[in-house]
Amino acid sequence: MKITIRLLFIAITLLLGLASCADIVFHAPLTALFGLHPTLMAIVFAVIMPSSAMAVLKGSARKPLQTGYSHARLMVACTAAMYCGAAAIFLNKQRLGKQHFTTAHGTGGAATVAVASLQGLAGGMLKYNVLSTGMGKQLVKSGFTRRVLVRVHRLLGVATCILSSIAVYSACDSAWAQSNLSTTGIACIRLQALVVAACPALLAASA
């Protein structure tokens, strides 16, 4: 029953995300470099992240490998789109001679990319069992066991959810969002940001 409620919760998050994503894609100038940033980041935050969380919650204890592969594939797609979106806004600001990381959105976004990269690294180490290799065995001897790595991966996931929520919520205050997105679209984005920030507690409760 609890899992069903949690899946419903994530499904609602996904629906909110699809609504906000559609509003952003409809208004973003995809013919310009800048337009790739809100479009790709909307897809990451609104669609791929909730889908990845749903894959974890739906995963059966009797099929851990299948669950792990589904989660890994979604997170690889998430990371790739996130890097492309970050590169698009970075190059656009460079082209226009604008400063970087001068707002809560920019700083939160940069922190999200950094933490998500570390989370992906930890996930890759788990997937490919790096701790069983020569260098990995040295880490294990020093106390960095697989259990510790799993905890690090989860904590980085929590940080990614919170930081990305801050970045997305603050993005609604940008001049572009205020002048281009609908009031309903902005409300959906803000609401989903709050919901995603609460996702770590939801996933922890299912453990």
# chains A, B, ... in the order shown; residues from 1 in each chain; ligands from 1
$ residues_around --residues "range 170-182 of chain A" --least-positions-apart "2" --cutoff "7 Å" --atoms "only C-alpha atoms" --output "VMD selection string"
chain A and resid 23 to 24 27 104 to 105 166 to 168 184 to 186
$ closest_atom_pairs --of "range 55-127 of chain A" --to "range 150-155 of chain A" --cutoff "7 Å" --atoms "only C-alpha atoms" --output "CSV"
residue,atom,partner,partner_atom,distance
A:Gln119,CA,A:His153,CA,5.4
A:Ala122,CA,A:His153,CA,5.5
A:Gly123,CA,A:His153,CA,6.3
$ select_by_dssp --residues "range 6-190 of chain A" --states "alpha helix (DSSP H)" --output "NGL selection string"
:A and (6-27 or 33-43 or 49-58 or 64-96 or 104-127 or 134-141 or 146-171 or 175-180 or 183-190)
$ write_last_selection --atoms "C-alpha atoms" --output "tab-separated table (two decimals), in the first residue's frame"
chain	number	residue	atom	x	y	z
A	6	ARG	CA	4.60	6.65	-3.29
A	7	LEU	CA	4.28	5.66	-6.94
A	8	LEU	CA	1.15	7.78	-7.19
A	9	PHE	CA	3.04	10.66	-5.63
A	10	ILE	CA	5.82	10.36	-8.22
A	11	ALA	CA	3.27	9.97	-11.03
A	12	ILE	CA	1.68	13.28	-10.00
A	13	THR	CA	5.17	14.81	-9.98
A	14	LEU	CA	5.71	13.51	-13.51
A	15	LEU	CA	2.40	14.96	-14.70
A	16	LEU	CA	3.30	18.35	-13.21
A	17	GLY	CA	6.65	18.08	-14.91
A	18	LEU	CA	5.14	17.27	-18.30
A	19	ALA	CA	2.85	20.30	-18.01
A	20	SER	CA	5.70	22.66	-17.13
A	21	CYS	CA	7.98	21.06	-19.71
A	22	ALA	CA	5.40	21.59	-22.46
A	23	ASP	CA	5.08	25.26	-21.50
A	24	ILE	CA	8.86	25.75	-21.62
A	25	VAL	CA	9.37	23.87	-24.89
A	26	PHE	CA	6.53	25.85	-26.50
A	27	HIS	CA	8.07	29.20	-25.55
A	33	LEU	CA	21.63	28.52	-28.41
A	34	PHE	CA	19.92	29.90	-25.30
A	35	GLY	CA	16.73	27.97	-26.04
A	36	LEU	CA	18.49	24.64	-25.56
A	37	HIS	CA	19.15	25.41	-21.89
A	38	PRO	CA	15.58	25.66	-20.52
A	39	THR	CA	14.40	22.93	-22.89
A	40	LEU	CA	17.01	20.33	-21.92
A	41	MET	CA	16.91	21.21	-18.22
A	42	ALA	CA	13.13	20.97	-18.23
A	43	ILE	CA	13.34	17.49	-19.74
A	49	MET	CA	14.44	12.50	-12.75
A	50	PRO	CA	10.90	11.48	-11.70
A	51	SER	CA	11.06	8.50	-14.09
A	52	SER	CA	14.32	7.39	-12.49
A	53	ALA	CA	12.79	7.66	-9.01
A	54	MET	CA	9.80	5.66	-10.21
A	55	ALA	CA	12.10	2.96	-11.59
A	56	VAL	CA	13.68	2.59	-8.14
A	57	LEU	CA	10.33	2.44	-6.36
A	58	LYS	CA	8.83	-0.05	-8.81
A	64	PRO	CA	17.73	-5.97	-8.45
A	65	LEU	CA	19.81	-6.09	-11.64
A	66	GLN	CA	16.89	-5.09	-13.86
A	67	THR	CA	16.01	-2.25	-11.48
A	68	GLY	CA	19.64	-1.12	-11.38
A	69	TYR	CA	19.95	-1.12	-15.17
A	70	SER	CA	16.73	0.87	-15.61
A	71	HIS	CA	17.86	3.43	-13.04
A	72	ALA	CA	21.35	3.61	-14.57
A	73	ARG	CA	20.09	4.13	-18.13
A	74	LEU	CA	17.78	6.93	-17.03
A	75	MET	CA	20.51	8.63	-15.00
A	76	VAL	CA	22.97	8.43	-17.92
A	77	ALA	CA	20.36	10.15	-20.10
A	78	CYS	CA	19.75	12.66	-17.30
A	79	THR	CA	23.44	13.48	-16.96
A	80	ALA	CA	24.01	13.76	-20.73
A	81	ALA	CA	21.08	16.17	-21.15
A	82	MET	CA	22.18	18.13	-18.07
A	83	TYR	CA	25.71	18.59	-19.46
A	84	CYS	CA	24.35	19.72	-22.83
A	85	GLY	CA	21.97	22.18	-21.16
A	86	ALA	CA	24.74	23.57	-18.94
A	87	ALA	CA	27.10	23.86	-21.92
A	88	ALA	CA	24.44	25.72	-23.93
A	89	ILE	CA	23.95	28.46	-21.34
A	90	PHE	CA	27.68	28.69	-20.60
A	91	LEU	CA	28.57	29.16	-24.29
A	92	ASN	CA	25.69	31.59	-24.78
A	93	LYS	CA	26.91	33.78	-21.91
A	94	GLN	CA	30.46	33.59	-23.20
A	95	ARG	CA	29.26	34.69	-26.64
A	96	LEU	CA	27.37	37.64	-25.16
A	104	ALA	CA	20.86	31.91	-7.14
A	105	HIS	CA	19.74	30.03	-10.26
A	106	GLY	CA	23.21	30.05	-11.81
A	107	THR	CA	25.01	29.12	-8.60
A	108	GLY	CA	22.48	26.43	-7.72
A	109	GLY	CA	22.68	25.04	-11.23
A	110	ALA	CA	26.48	24.85	-11.16
A	111	ALA	CA	26.38	23.13	-7.75
A	112	THR	CA	23.80	20.68	-9.08
A	113	VAL	CA	25.97	19.74	-12.06
A	114	ALA	CA	28.98	19.20	-9.79
A	115	VAL	CA	27.14	17.08	-7.22
A	116	ALA	CA	25.26	15.10	-9.88
A	117	SER	CA	28.60	14.32	-11.54
A	118	LEU	CA	29.94	12.92	-8.28
A	119	GLN	CA	26.76	10.93	-7.80
A	120	GLY	CA	27.14	9.49	-11.29
A	121	LEU	CA	30.74	8.57	-10.51
A	122	ALA	CA	29.66	6.76	-7.35
A	123	GLY	CA	26.88	5.00	-9.27
A	124	GLY	CA	29.34	3.90	-11.94
A	125	MET	CA	31.66	2.52	-9.29
A	126	LEU	CA	28.78	0.47	-7.88
A	127	LYS	CA	27.56	-0.74	-11.26
A	134	GLY	CA	43.25	-3.39	-7.42
A	135	MET	CA	42.76	0.26	-6.50
A	136	GLY	CA	39.27	-0.49	-5.19
A	137	LYS	CA	40.61	-3.13	-2.83
A	138	GLN	CA	42.91	-0.52	-1.33
A	139	LEU	CA	39.88	1.68	-0.67
A	140	VAL	CA	38.09	-1.24	0.98
A	141	LYS	CA	41.07	-1.86	3.24
A	146	ARG	CA	30.53	-1.07	-0.80
A	147	ARG	CA	28.04	-0.22	1.94
A	148	VAL	CA	29.75	3.14	2.46
A	149	LEU	CA	29.75	3.76	-1.30
A	150	VAL	CA	26.01	3.04	-1.47
A	151	ARG	CA	25.41	5.56	1.31
A	152	VAL	CA	27.57	8.15	-0.45
A	153	HIS	CA	25.64	7.58	-3.69
A	154	ARG	CA	22.31	8.02	-1.91
A	155	LEU	CA	23.42	11.13	-0.01
A	156	LEU	CA	24.66	12.69	-3.25
A	157	GLY	CA	21.28	11.84	-4.77
A	158	VAL	CA	19.55	13.68	-1.92
A	159	ALA	CA	21.83	16.69	-2.46
A	160	THR	CA	21.13	16.60	-6.21
A	161	CYS	CA	17.37	16.66	-5.62
A	162	ILE	CA	17.58	19.58	-3.21
A	163	LEU	CA	20.07	21.64	-5.22
A	164	SER	CA	18.24	21.10	-8.52
A	165	SER	CA	14.98	22.10	-6.84
A	166	ILE	CA	16.56	25.35	-5.64
A	167	ALA	CA	17.95	26.04	-9.11
A	168	VAL	CA	14.64	25.34	-10.85
A	169	TYR	CA	12.53	27.25	-8.30
A	170	SER	CA	14.76	30.31	-8.57
A	171	ALA	CA	14.73	30.06	-12.38
A	175	ALA	CA	13.44	37.80	-16.67
A	176	TRP	CA	12.98	35.20	-19.44
A	177	ALA	CA	10.61	33.03	-17.38
A	178	GLN	CA	8.57	35.99	-16.16
A	179	SER	CA	8.15	37.42	-19.67
A	180	ASN	CA	7.67	34.18	-21.63
A	183	THR	CA	1.31	31.90	-14.88
A	184	THR	CA	0.09	28.29	-14.81
A	185	GLY	CA	3.39	27.01	-16.19
A	186	ILE	CA	5.39	28.88	-13.55
A	187	ALA	CA	3.07	27.59	-10.82
A	188	CYS	CA	3.59	23.99	-12.05
A	189	ILE	CA	7.36	24.48	-12.12
A	190	ARG	CA	7.45	25.88	-8.58
$ atom_distance --atom1 "CA of Ala28 in chain A" --atom2 "CA of Val47 in chain A"
17.0 Å
$ atom_distance --atom1 "CA of Phe144 in chain A" --atom2 "CA of Asn129 in chain A"
13.0 Å
$ atom_distance --atom1 "CA of Phe45 in chain A" --atom2 "CA of Ala198 in chain A"
13.8 Å
